[in-house]
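Structure file structure16.tsv (TSV, C-alpha atoms) follows.
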```tsv
chain	number	residue	atom	x	y	z
L	1307	MET	CA	-54.82	41.74	-41.51
L	1308	SER	CA	-56.77	44.99	-41.57
L	1309	MET	CA	-55.27	48.22	-42.77
L	1310	THR	CA	-55.39	49.55	-39.21
L	1311	ASN	CA	-52.86	46.88	-38.23
L	1312	ARG	CA	-50.39	47.33	-41.07
L	1313	THR	CA	-47.24	45.61	-39.86
L	1314	CYS	CA	-43.68	45.64	-41.15
L	1315	ALA	CA	-41.40	42.77	-40.08
L	1316	LEU	CA	-37.87	44.21	-39.87
L	1317	ILE	CA	-34.87	41.86	-39.95
L	1318	ILE	CA	-31.23	42.94	-39.61
L	1319	THR	CA	-28.77	40.50	-41.16
L	1320	TYR	CA	-25.02	40.12	-41.49
L	1321	ASN	CA	-23.28	37.04	-42.91
L	1322	ARG	CA	-25.78	34.47	-41.60
L	1323	ILE	CA	-27.64	33.48	-44.74
L	1324	ASP	CA	-28.90	30.13	-43.44
L	1325	LEU	CA	-30.36	31.67	-40.30
L	1326	LEU	CA	-31.81	34.52	-42.35
L	1327	LYS	CA	-33.64	32.04	-44.59
L	1328	GLU	CA	-35.00	30.23	-41.53
L	1329	CYS	CA	-36.12	33.50	-39.94
L	1330	ILE	CA	-37.95	34.63	-43.10
L	1331	ALA	CA	-39.57	31.21	-43.54
L	1332	ALA	CA	-40.88	31.39	-39.97
L	1333	ILE	CA	-42.33	34.86	-40.57
L	1334	LYS	CA	-44.11	33.61	-43.68
L	1335	LYS	CA	-45.72	30.85	-41.60
L	1336	GLN	CA	-47.27	33.20	-39.05
L	1337	TYR	CA	-50.98	32.88	-38.33
L	1338	ILE	CA	-51.08	36.59	-39.17
L	1339	ILE	CA	-48.56	37.39	-41.89
L	1340	PRO	CA	-46.97	40.86	-41.87
L	1341	ASN	CA	-47.88	43.16	-44.73
L	1342	GLU	CA	-44.21	43.52	-45.67
L	1343	ILE	CA	-40.96	41.81	-44.76
L	1344	VAL	CA	-38.03	44.24	-44.76
L	1345	VAL	CA	-34.45	42.97	-44.61
L	1346	VAL	CA	-31.58	45.34	-43.88
L	1347	ASN	CA	-28.41	43.73	-45.22
L	1348	ASN	CA	-25.67	45.21	-43.05
L	1349	ALA	CA	-22.93	44.93	-45.70
L	1350	SER	CA	-22.75	41.11	-45.69
L	1351	THR	CA	-19.75	39.61	-47.47
L	1352	ASP	CA	-21.18	36.11	-47.98
L	1353	ALA	CA	-23.91	35.06	-50.43
L	1354	THR	CA	-26.63	37.02	-48.60
L	1355	GLN	CA	-27.04	39.84	-51.10
L	1356	HIS	CA	-27.07	37.48	-54.08
L	1357	TRP	CA	-29.85	35.44	-52.48
L	1358	LEU	CA	-31.83	38.54	-51.47
L	1359	ASP	CA	-31.63	39.89	-55.04
L	1360	GLN	CA	-33.50	36.79	-56.21
L	1361	GLN	CA	-36.43	37.24	-53.78
L	1362	SER	CA	-39.45	39.04	-55.21
L	1363	ASP	CA	-41.53	39.14	-52.02
L	1364	LEU	CA	-39.05	40.95	-49.77
L	1365	THR	CA	-38.08	44.60	-49.40
L	1366	VAL	CA	-34.29	44.71	-49.26
L	1367	LEU	CA	-32.33	47.67	-47.89
L	1368	THR	CA	-28.59	47.33	-48.44
L	1369	LEU	CA	-25.87	49.13	-46.50
L	1370	THR	CA	-22.49	49.30	-48.24
L	1371	THR	CA	-20.48	49.48	-45.01
L	1372	ASN	CA	-21.12	47.79	-41.68
L	1373	GLU	CA	-21.13	50.49	-39.00
L	1374	GLY	CA	-22.71	48.27	-36.40
L	1375	PRO	CA	-26.26	47.10	-35.66
L	1376	ALA	CA	-27.37	50.52	-34.36
L	1377	LYS	CA	-26.99	52.12	-37.77
L	1378	ALA	CA	-28.81	49.20	-39.42
L	1379	PHE	CA	-31.74	49.33	-37.00
L	1380	ALA	CA	-32.01	53.11	-37.37
L	1381	PHE	CA	-32.06	52.68	-41.16
L	1382	GLY	CA	-34.81	50.06	-40.95
L	1383	PHE	CA	-36.91	52.01	-38.46
L	1384	ASN	CA	-36.71	55.07	-40.66
L	1385	TYR	CA	-38.02	53.06	-43.63
L	1386	GLY	CA	-40.91	51.61	-41.62
L	1387	ILE	CA	-41.95	55.01	-40.30
L	1388	LYS	CA	-41.83	56.72	-43.70
L	1389	ALA	CA	-43.67	53.83	-45.37
L	1390	GLY	CA	-46.67	54.48	-43.15
L	1391	PHE	CA	-46.81	51.24	-41.14
L	1392	GLU	CA	-48.69	51.14	-37.87
L	1393	TRP	CA	-46.36	48.56	-36.34
L	1394	ILE	CA	-42.68	47.63	-36.75
L	1395	TRP	CA	-41.83	44.11	-35.59
L	1396	CYS	CA	-38.06	43.88	-35.40
L	1397	MET	CA	-35.52	41.13	-34.85
L	1398	ASP	CA	-32.05	39.85	-35.74
L	1399	ASP	CA	-31.60	37.16	-38.36
L	1400	ASP	CA	-31.10	34.46	-35.70
L	1401	THR	CA	-34.61	35.02	-34.31
L	1402	ILE	CA	-37.10	32.29	-35.26
L	1403	PRO	CA	-40.70	33.26	-34.38
L	1404	THR	CA	-43.17	30.50	-33.50
L	1405	PRO	CA	-46.31	30.55	-35.70
L	1406	GLY	CA	-48.41	32.47	-33.18
L	1407	ALA	CA	-45.80	35.06	-32.20
L	1408	LEU	CA	-47.23	38.01	-34.12
L	1409	SER	CA	-50.89	37.17	-33.51
L	1410	ALA	CA	-50.27	37.00	-29.74
L	1411	LEU	CA	-48.77	40.51	-29.78
L	1412	LEU	CA	-51.75	41.88	-31.68
L	1413	ASP	CA	-54.23	40.00	-29.48
L	1414	PHE	CA	-52.67	41.54	-26.38
L	1415	TYR	CA	-52.98	45.01	-27.89
L	1416	HIS	CA	-56.60	44.57	-28.96
L	1417	LYS	CA	-57.65	43.40	-25.49
L	1418	LEU	CA	-56.54	46.73	-24.00
L	1419	SER	CA	-58.94	49.61	-23.52
L	1420	GLU	CA	-58.94	52.35	-26.15
L	1421	GLN	CA	-57.15	54.67	-23.75
L	1422	ASP	CA	-54.45	52.09	-23.00
L	1423	GLN	CA	-54.05	51.38	-26.73
L	1424	ARG	CA	-53.34	55.06	-27.35
L	1425	ASN	CA	-50.54	54.99	-24.78
L	1426	ILE	CA	-48.69	51.88	-26.00
L	1427	GLY	CA	-45.04	52.31	-26.91
L	1428	PHE	CA	-43.91	48.75	-27.62
L	1429	LEU	CA	-44.54	45.11	-26.76
L	1430	VAL	CA	-41.95	42.34	-26.51
L	1431	SER	CA	-42.13	38.56	-26.91
L	1432	GLU	CA	-40.89	35.82	-24.61
L	1433	VAL	CA	-37.50	34.74	-25.98
L	1434	LEU	CA	-36.50	31.08	-25.71
L	1435	TRP	CA	-33.27	29.31	-26.52
L	1436	THR	CA	-32.98	26.28	-28.78
L	1437	ASP	CA	-33.84	23.88	-25.91
L	1438	ASN	CA	-36.99	25.91	-25.11
L	1439	SER	CA	-35.52	27.30	-21.90
L	1440	ILE	CA	-35.77	31.06	-21.28
L	1441	TYR	CA	-32.97	32.89	-23.09
L	1442	VAL	CA	-31.22	34.79	-20.31
L	1443	GLY	CA	-29.66	37.38	-22.60
L	1444	ASN	CA	-33.04	38.74	-23.71
L	1445	LEU	CA	-34.88	39.09	-20.42
L	1446	PRO	CA	-36.64	42.47	-20.24
L	1447	TRP	CA	-36.20	44.95	-17.39
L	1448	PHE	CA	-39.48	45.02	-15.45
L	1449	LYS	CA	-40.83	48.10	-13.70
L	1450	LYS	CA	-41.91	46.03	-10.69
L	1451	GLN	CA	-40.44	42.57	-10.34
L	1452	ASN	CA	-43.05	39.79	-10.00
L	1453	GLU	CA	-45.92	42.29	-9.87
L	1454	SER	CA	-46.54	43.40	-13.44
L	1455	ASN	CA	-45.69	42.66	-17.04
L	1456	GLN	CA	-45.00	46.35	-17.65
L	1457	ILE	CA	-41.36	46.90	-18.60
L	1458	LEU	CA	-38.69	49.59	-18.62
L	1459	ALA	CA	-36.49	48.26	-21.38
L	1460	ALA	CA	-35.89	45.25	-23.63
L	1461	THR	CA	-33.75	44.02	-26.49
L	1462	PHE	CA	-34.60	44.22	-30.19
L	1463	VAL	CA	-35.28	40.46	-30.36
L	1464	SER	CA	-38.96	40.29	-31.33
L	1465	SER	CA	-39.92	43.73	-30.07
L	1466	PHE	CA	-43.07	45.28	-31.53
L	1467	TYR	CA	-43.27	49.06	-31.88
L	1468	LYS	CA	-46.30	51.27	-32.36
L	1469	VAL	CA	-45.18	53.78	-34.98
L	1470	SER	CA	-47.47	56.59	-33.84
L	1471	SER	CA	-45.68	56.52	-30.47
L	1472	ILE	CA	-42.10	56.17	-31.66
L	1473	ARG	CA	-42.46	59.07	-34.10
L	1474	THR	CA	-41.93	61.33	-31.09
L	1475	ILE	CA	-38.90	59.40	-29.79
L	1476	ALA	CA	-36.60	59.63	-32.86
L	1477	LEU	CA	-34.54	56.73	-34.20
L	1478	PRO	CA	-32.21	54.35	-32.35
L	1479	ARG	CA	-28.89	55.98	-31.49
L	1480	LYS	CA	-26.48	55.46	-34.37
L	1481	GLU	CA	-23.64	56.45	-32.03
L	1482	PHE	CA	-24.10	53.12	-30.20
L	1483	PHE	CA	-21.80	51.03	-32.40
L	1484	GLN	CA	-22.34	47.79	-30.48
L	1485	TRP	CA	-24.50	46.58	-27.62
L	1486	TYR	CA	-27.15	48.44	-25.59
L	1487	VAL	CA	-28.63	50.46	-28.45
L	1488	ASP	CA	-31.87	48.52	-27.86
L	1489	VAL	CA	-31.78	49.04	-24.09
L	1490	GLU	CA	-31.34	52.80	-24.46
L	1491	TYR	CA	-34.00	53.06	-27.17
L	1492	THR	CA	-36.66	51.05	-25.38
L	1493	TRP	CA	-35.95	52.89	-22.12
L	1494	ARG	CA	-36.47	56.18	-23.97
L	1495	ILE	CA	-39.85	54.93	-25.19
L	1496	SER	CA	-40.96	53.60	-21.78
L	1497	GLU	CA	-40.33	57.01	-20.22
L	1498	ARG	CA	-43.29	58.34	-22.21
L	1499	PHE	CA	-45.44	55.31	-23.05
L	1500	ASP	CA	-46.61	52.03	-21.54
L	1501	CYS	CA	-44.63	48.99	-22.66
L	1502	TYR	CA	-45.42	45.33	-21.95
L	1503	TYR	CA	-43.97	41.83	-21.91
L	1504	VAL	CA	-46.23	39.36	-23.76
L	1505	PRO	CA	-45.23	35.78	-22.80
L	1506	ASP	CA	-47.88	34.26	-25.09
L	1507	SER	CA	-45.77	35.51	-28.01
L	1508	LYS	CA	-42.75	33.21	-28.28
L	1509	VAL	CA	-39.63	33.21	-30.43
L	1510	ILE	CA	-36.45	31.11	-30.51
L	1511	HIS	CA	-33.10	32.88	-30.36
L	1512	LYS	CA	-30.66	30.56	-32.15
L	1513	THR	CA	-27.38	31.62	-30.58
L	1514	VAL	CA	-24.44	29.34	-29.85
L	1515	GLU	CA	-24.89	29.61	-26.06
L	1516	ASN	CA	-27.59	30.70	-23.64
L	1517	VAL	CA	-25.56	33.32	-21.77
L	1518	LYS	CA	-25.79	36.94	-20.73
L	1519	VAL	CA	-23.32	39.56	-21.89
L	1520	LYS	CA	-20.74	39.29	-19.11
L	1521	TRP	CA	-17.07	40.14	-19.29
L	1522	LYS	CA	-16.13	36.72	-17.93
L	1523	ASN	CA	-17.25	35.34	-21.31
L	1524	VAL	CA	-14.98	37.58	-23.40
L	1525	ASN	CA	-12.46	35.95	-25.75
L	1526	ASN	CA	-10.23	36.95	-28.65
L	1527	GLN	CA	-13.06	36.80	-31.18
L	1528	SER	CA	-15.60	38.73	-29.12
L	1529	PHE	CA	-13.31	41.39	-27.62
L	1530	GLU	CA	-14.28	44.08	-30.15
L	1531	LYS	CA	-17.98	43.68	-29.33
L	1532	TYR	CA	-17.36	43.78	-25.60
L	1533	ALA	CA	-15.13	46.84	-25.89
L	1534	GLY	CA	-17.71	48.65	-28.02
L	1535	GLY	CA	-20.42	47.67	-25.56
L	1536	LEU	CA	-18.39	49.13	-22.69
L	1537	THR	CA	-18.55	52.59	-24.27
L	1538	ASN	CA	-22.32	52.40	-24.47
L	1539	TYR	CA	-22.71	50.94	-20.97
L	1540	ILE	CA	-20.70	53.80	-19.49
L	1541	TYR	CA	-22.91	56.27	-21.34
L	1542	LEU	CA	-26.00	54.63	-19.81
L	1543	ILE	CA	-24.54	54.84	-16.30
L	1544	LYS	CA	-23.37	58.42	-16.81
L	1545	ASN	CA	-26.86	59.45	-17.92
L	1546	ASN	CA	-28.54	57.39	-15.18
L	1547	VAL	CA	-30.85	55.53	-17.55
L	1548	PHE	CA	-32.38	53.42	-14.77
L	1549	THR	CA	-32.51	56.21	-12.13
L	1550	PHE	CA	-30.00	54.55	-9.82
L	1551	SER	CA	-28.75	56.22	-6.67
L	1552	PHE	CA	-25.32	57.87	-6.79
L	1553	TYR	CA	-23.86	54.90	-4.91
L	1554	GLN	CA	-25.35	52.39	-7.36
L	1555	ARG	CA	-24.05	54.38	-10.32
L	1556	PHE	CA	-20.55	54.65	-8.82
L	1557	ARG	CA	-20.52	50.94	-7.96
L	1558	GLY	CA	-21.77	50.00	-11.44
L	1559	PHE	CA	-19.19	52.17	-13.17
L	1560	THR	CA	-16.29	50.94	-11.03
L	1561	ALA	CA	-17.28	47.28	-11.21
L	1562	SER	CA	-17.72	47.35	-15.01
L	1563	ILE	CA	-14.26	48.89	-15.49
L	1564	LEU	CA	-12.53	46.45	-13.15
L	1565	ARG	CA	-14.26	43.45	-14.76
L	1566	ALA	CA	-13.32	44.66	-18.23
L	1567	TYR	CA	-9.62	44.97	-17.36
L	1568	TRP	CA	-9.48	41.72	-15.36
L	1569	TYR	CA	-11.09	39.50	-17.98
L	1570	THR	CA	-9.24	41.16	-20.84
L	1571	LEU	CA	-5.98	40.24	-19.10
L	1572	SER	CA	-7.27	36.74	-18.29
L	1573	ASN	CA	-9.02	35.76	-21.51
L	1574	THR	CA	-7.48	37.57	-24.48
L	1575	ASN	CA	-4.18	37.82	-26.33
L	1576	ASN	CA	-2.52	41.12	-27.34
L	1577	LYS	CA	-3.06	42.29	-23.78
L	1578	VAL	CA	-1.15	45.57	-24.04
L	1579	LYS	CA	-3.03	46.58	-27.17
L	1580	ASN	CA	-6.39	45.55	-25.72
L	1581	LEU	CA	-5.78	47.45	-22.47
L	1582	GLY	CA	-5.13	50.55	-24.54
L	1583	ILE	CA	-8.37	49.97	-26.44
L	1584	LEU	CA	-10.28	49.69	-23.16
L	1585	TYR	CA	-8.84	53.00	-21.95
L	1586	TYR	CA	-9.99	54.66	-25.17
L	1587	LYS	CA	-13.46	53.08	-24.93
L	1588	ILE	CA	-13.91	54.29	-21.37
L	1589	LYS	CA	-13.01	57.84	-22.38
L	1590	SER	CA	-15.37	57.58	-25.35
L	1591	GLY	CA	-18.25	56.57	-23.07
L	1592	LEU	CA	-17.62	59.47	-20.72
L	1593	LYS	CA	-17.42	61.93	-23.63
L	1594	MET	CA	-20.20	60.49	-25.80
L	1595	ARG	CA	-22.75	63.00	-27.03
L	1596	VAL	CA	-25.86	61.90	-28.88
L	1597	THR	CA	-28.45	63.70	-30.97
L	1598	ASP	CA	-32.10	62.92	-31.64
L	1599	ASP	CA	-32.15	61.84	-35.29
L	1600	PHE	CA	-35.54	61.62	-36.94
L	1601	SER	CA	-34.19	60.56	-40.32
L	1602	ASN	CA	-31.11	59.08	-41.94
```

File written out as structure tokens:
Amino acid sequence: MSMTNRTCALIITYNRIDLLKECIAAIKKQYIIPNEIVVVNNASTDATQHWLDQQSDLTVLTLTTNEGPAKAFAFGFNYGIKAGFEWIWCMDDDTIPTPGALSALLDFYHKLSEQDQRNIGFLVSEVLWTDNSIYVGNLPWFKKQNESNQILAATFVSSFYKVSSIRTIALPRKEFFQWYVDVEYTWRISERFDCYYVPDSKVIHKTVENVKVKWKNVNNQSFEKYAGGLTNYIYLIKNNVFTFSFYQRFRGFTASILRAYWYTLSNTNNKVKNLGILYYKIKSGLKMRVTDDFSN
């Protein structure tokens, strides 16, 4: 890889050492190998840190407390920017890139005109599930459905960021404790730069199920994530991230609240406590204030 394509592969991990090893092994088998593999250990309590300490070909950034994936991604992005990389290729530890994933992203970029290259914000891979079907939870938001591969927003699963563009955007929002930090961040980038879906770049997302984040799927174990995600979702609606009409925003806000309460009552224990948590999370979303952080 030439110096003009210096790429950092950024992996966020927490208590999934076997998947982490598989993810790193897949990155090392790329047709074009990244210049550096950076792992942010988000305060894992299993054998992850011990294993990482024994690896001489990885850059390991360790957080002592787990404050959610947003803080970990912001920490990793900050490292990649300050280290002078041209590209940051980021993913969770359960993302397994196929051998041509990175080369397809770079090929797409190099086929653009010089002017279009200057205006790139990020690219994103096609995300498959373990049976090679499309993973529904990582579908990007397209600007024009069925007409273009240009996108408004995407998840962090195999997203590929041009550092010269994201320097002006600041880091991912650390206030977003759980879900939607990637949606908000990529939307912020696409407001100012062109961003594209690259289906020739393929990765496997090794989750338990191929499902979207929907309140009907909440259970006792996942309630904390859903509740934290509700705060962030309300913030996105309040700030009209996708330029909805007033009616669409009102309908989205009302429907998300009703679903949250209904499925919490239907699918979880400690109902009184959980209903109180939902009330607090809704207030937090309405009151949330964020700042543009350019460093940690």

* Selected residue of minimal separation from Ile1330 (chain L) among L:Thr1368, L:Ser1350, L:Thr1404, L:Thr1492, counting all atoms listed in the file -> L:Thr1404

* Excluding Asp1399 (chain L) and residues on its chain fewer than 6 positions from it, collect all residues at most 7 Å away from it, counting all atoms listed in the file, and give them as a list in words. =>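 Here the qualifying residues turn out to be Ile1317, Ile1318, Thr1319, Leu1325, Leu1326 and Cys1329 of chain L.
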
* **Counting all atoms listed in the file, the option among L:Arg1312, L:Lys1579, L:Arg1595, L:Lys1417 closest to Asn1341 (chain L)** =>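 For Asn1341 (chain L), the nearest of the candidates is L:Arg1312.
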
* Please provide as a list in words all residues within 10 Å of Arg1498 (chain L), with the sequence filter that same-chain residues fewer than 5 positions apart are discarded (counting only C-alpha atoms). =>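 Within the cut-off, the hits are Asn1425, Ile1426, Gly1427, Ser1471, Ile1472, Thr1474, Ile1475 and Trp1493 of chain L.
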
* Asked: So how far away is CA of Gln1336 (chain L) from CA of Ile1510 (chain L), in Å?
  -> 13.9 Å

Thr1537 (chain L) environment, 7 Å, only C-alpha atoms, sequence neighbours closer than 3 positions dropped, as a tab-separated table (two decimals) with C-alpha atoms, in the frame of the given file:
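After the write, result-v9.tsv holds the following:
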```tsv
chain	number	residue	atom	x	y	z
L	1533	ALA	CA	-15.13	46.84	-25.89
L	1534	GLY	CA	-17.71	48.65	-28.02
L	1540	ILE	CA	-20.70	53.80	-19.49
L	1541	TYR	CA	-22.91	56.27	-21.34
L	1587	LYS	CA	-13.46	53.08	-24.93
L	1588	ILE	CA	-13.91	54.29	-21.37
L	1590	SER	CA	-15.37	57.58	-25.35
L	1591	GLY	CA	-18.25	56.57	-23.07
```

All residues 12 Å or closer to region 1421-1424 of chain L, all atoms listed in the file, same chain fewer than 6 positions away omitted, as a short mmCIF file (atom, residue, chain, number, x, y, z; two decimals) with C-alpha atoms, in the frame of the given file:
```cif
data_model
loop_
_atom_site.label_atom_id
_atom_site.label_comp_id
_atom_site.auth_asym_id
_atom_site.auth_seq_id
_atom_site.Cartn_x
_atom_site.Cartn_y
_atom_site.Cartn_z
CA LEU L 1412 -51.75 41.88 -31.68
CA ASP L 1413 -54.23 40.00 -29.48
CA PHE L 1414 -52.67 41.54 -26.38
CA TYR L 1415 -52.98 45.01 -27.89
CA LYS L 1468 -46.30 51.27 -32.36
CA VAL L 1469 -45.18 53.78 -34.98
CA SER L 1470 -47.47 56.59 -33.84
CA SER L 1471 -45.68 56.52 -30.47
CA ARG L 1498 -43.29 58.34 -22.21
CA PHE L 1499 -45.44 55.31 -23.05
CA ASP L 1500 -46.61 52.03 -21.54
CA CYS L 1501 -44.63 48.99 -22.66
CA TYR L 1502 -45.42 45.33 -21.95
#
```

* Nearest-residue call for Asn1523 (chain L), choices L:Ser1572, L:Val1487, L:Asn1348, L:Ile1543, using only C-alpha atoms ->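 Result for the nearest residue to Asn1523 (chain L): L:Ser1572.
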
* Separation of CA of Asp1324 (chain L) from CA of Thr1351 (chain L) in Å -> 13.8 Å

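Proximity to Asn1438 (chain L) at 10 Å, evaluated using only C-alpha atoms and with sequence-adjacent residues fewer than 2 positions away removed, yields Val1433, Leu1434, Trp1435, Thr1436, Ile1440, Tyr1441, Lys1508, Val1509, Ile1510 and His1511 of chain L.
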
* Which is closest to Thr1560 (chain L) among L:Leu1408, L:Asp1400, L:Ser1496, L:Lys1544, if we use all atoms listed in the file? ->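 Looking at the shortest contact to Thr1560 (chain L), the residue is L:Lys1544.
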